[in-house]
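**Student:** Before we start, here is the structure in question, set down as structure tokens.
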Amino acid sequence: MSALAQKQVFKRPDCLKENLFHFCPGCHHGLIHRLAAEAVDHFALAASTVAVIGVGCGVFLYDYLAVDCCEAPHGRAPAVATGLKRARPDLFVFTYQGDGDLAAIGTSEIIHSANRGEHITVIFVNNSIYGMTGGQMAPTTLAGQKTTTTPAGRDPARDGYPIRMAEQLSLLPGSAFIARVSCHTPRHIRQARRALRRAFQAQIERRGFSMVEFLSACPTNWRLSPGQAVERLENEMIPAFPLGIFKDY
């Protein structure tokens, strides 16, 4: 074989541990974990990174990323990350949060962290439902979507409308980079990789608060097959939560 044929072009990220993911089939947490690991490797941050983990399906991030991790009370990851970054500005600090953790009980923390321009990065996984606790309605649940607490579908007149966090946080003067991405196709994975690295760069350059919102499938609680869940993400979630970069320093 030629030297070109033997060249390795794809490998496991160095800071991604060799453990099997426990996530449900079709869940996108595993892909998002990998993209986070790739970003840490890209900037050679493994030795100085602290990941602050919210309550939810991603709570076991420490089993998969070879970086220091700190668990936060439900919704308080941005507050914990703020304390870490202010006490140790030499650290690279990111949070990993779901929609229930970030957009429900953690609404105050995320908004004020962004407004203050804290030098932290947020990875926000939006699957439009409470995944770990049984499939209840989340702040991002779509109108008409059936959950265990909205068995007839979310009624905006009664339950309010889905919250678009990326758009709201992009309006705050302290935010430097805000994007919404998906990873349900190879093309979208490439776009997500670029967005996450840009968010990391914002913290490295001390530009202010940065966040990447990932749209993610939850086949188990959506009561769909993995293939059907990807179709739903494409046909229902993306129209409700448009992809794109909403703010870039």
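Each chain in the structure tokens gets a letter, A, B and so on, in the order shown; residues start at 1 in every chain, and ligands are counted from 1 in the order they appear.
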From the DSSP assignment of the backbone, select every residue of range 131-226 of chain A that is strand (DSSP E or B), and format the answer as a list in words.

**Tutor:**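 In range 131-226 of chain A, DSSP puts these residues in strand (DSSP E or B): Ser175, Ala176, Phe177, Ile178, Ala179, Arg180, Val181, Ser182, Phe209, Ser210, Met211, Val212, Glu213, Phe214 and Leu215 of chain A.
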
**Student:** Quick one: residues within 7 Å of range 219-228 of chain A, only C-alpha atoms, excluding same-chain residues fewer than 2 positions away - as a ChimeraX atom specification?

**Tutor:** /A:25-27,131,135,217,230-232

**Student:** Would you save the residues from that selection as a PDB file, in the first residue's frame, using C-alpha atoms?

**Tutor:**
ATOM      1  CA  PRO A  25     -30.289   4.223  20.288  1.00  0.00           C
ATOM      2  CA  GLY A  26     -30.695   7.283  18.085  1.00  0.00           C
ATOM      3  CA  CYS A  27     -29.877   9.799  20.832  1.00  0.00           C
ATOM      4  CA  GLY A 131     -35.436  12.986  28.682  1.00  0.00           C
ATOM      5  CA  GLY A 135     -40.729  12.550  29.090  1.00  0.00           C
ATOM      6  CA  ALA A 217     -33.372  13.592  18.876  1.00  0.00           C
ATOM      7  CA  VAL A 230     -34.332  12.117  12.625  1.00  0.00           C
ATOM      8  CA  GLU A 231     -37.220  12.842  10.258  1.00  0.00           C
ATOM      9  CA  ARG A 232     -39.109  14.615  13.032  1.00  0.00           C
TER      10      ARG A 232
END

**Student:** Rounded to one decimal, what separation in Å do you get between CA of Lys146 in chain A and CA of Gly30 in chain A?

**Tutor:**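 We find that CA of Lys146 in chain A and CA of Gly30 in chain A lie 25.0 Å from each other.
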
**Student:** Neighbours of range 95-98 of chain A within 6 Å (only C-alpha atoms; same-chain residues fewer than 4 positions away dropped), as a list in words?

**Tutor:** Ala51, Val52, Ile53, Gly54, Leu102, Val122, Ile123, Phe124, Val125 and Asn126 of chain A

**Student:** For the selection you just gave me, I'd like the residues written to a file as an mmCIF file, in the first residue's frame, keeping N, CA and C atoms.

**Tutor:**
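Written output follows (out-v7.cif):
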data_model
loop_
_atom_site.group_PDB
_atom_site.id
_atom_site.type_symbol
_atom_site.label_atom_id
_atom_site.label_comp_id
_atom_site.auth_asym_id
_atom_site.auth_seq_id
_atom_site.Cartn_x
_atom_site.Cartn_y
_atom_site.Cartn_z
ATOM 1 N N ALA A 51 -15.397 20.886 32.963
ATOM 2 C CA ALA A 51 -16.758 20.806 32.445
ATOM 3 C C ALA A 51 -17.722 20.810 33.621
ATOM 4 N N VAL A 52 -18.689 21.707 33.589
ATOM 5 C CA VAL A 52 -19.709 21.784 34.631
ATOM 6 C C VAL A 52 -20.979 21.164 34.064
ATOM 7 N N ILE A 53 -21.441 20.104 34.700
ATOM 8 C CA ILE A 53 -22.501 19.280 34.135
ATOM 9 C C ILE A 53 -23.820 19.545 34.842
ATOM 10 N N GLY A 54 -24.860 19.806 34.072
ATOM 11 C CA GLY A 54 -26.183 19.981 34.631
ATOM 12 C C GLY A 54 -26.873 18.649 34.859
ATOM 13 N N LEU A 102 -31.455 24.000 31.568
ATOM 14 C CA LEU A 102 -31.048 25.364 31.197
ATOM 15 C C LEU A 102 -32.220 26.322 31.073
ATOM 16 N N VAL A 122 -21.242 27.511 26.831
ATOM 17 C CA VAL A 122 -22.366 26.642 27.173
ATOM 18 C C VAL A 122 -22.684 25.736 25.986
ATOM 19 N N ILE A 123 -22.747 24.440 26.249
ATOM 20 C CA ILE A 123 -23.251 23.467 25.283
ATOM 21 C C ILE A 123 -24.664 23.115 25.734
ATOM 22 N N PHE A 124 -25.636 23.502 24.932
ATOM 23 C CA PHE A 124 -27.051 23.383 25.288
ATOM 24 C C PHE A 124 -27.699 22.350 24.375
ATOM 25 N N VAL A 125 -28.172 21.248 24.946
ATOM 26 C CA VAL A 125 -28.785 20.170 24.171
ATOM 27 C C VAL A 125 -30.308 20.279 24.283
ATOM 28 N N ASN A 126 -30.942 20.575 23.166
ATOM 29 C CA ASN A 126 -32.388 20.802 23.108
ATOM 30 C C ASN A 126 -33.053 19.642 22.375
#

**Student:** What's the 10 Å shell around Pro89 in chain A, counting only C-alpha atoms, without same-chain residues fewer than 6 positions away, as JSON, numbers by chain?

**Tutor:** {"A": [82, 83, 119, 120, 206]}
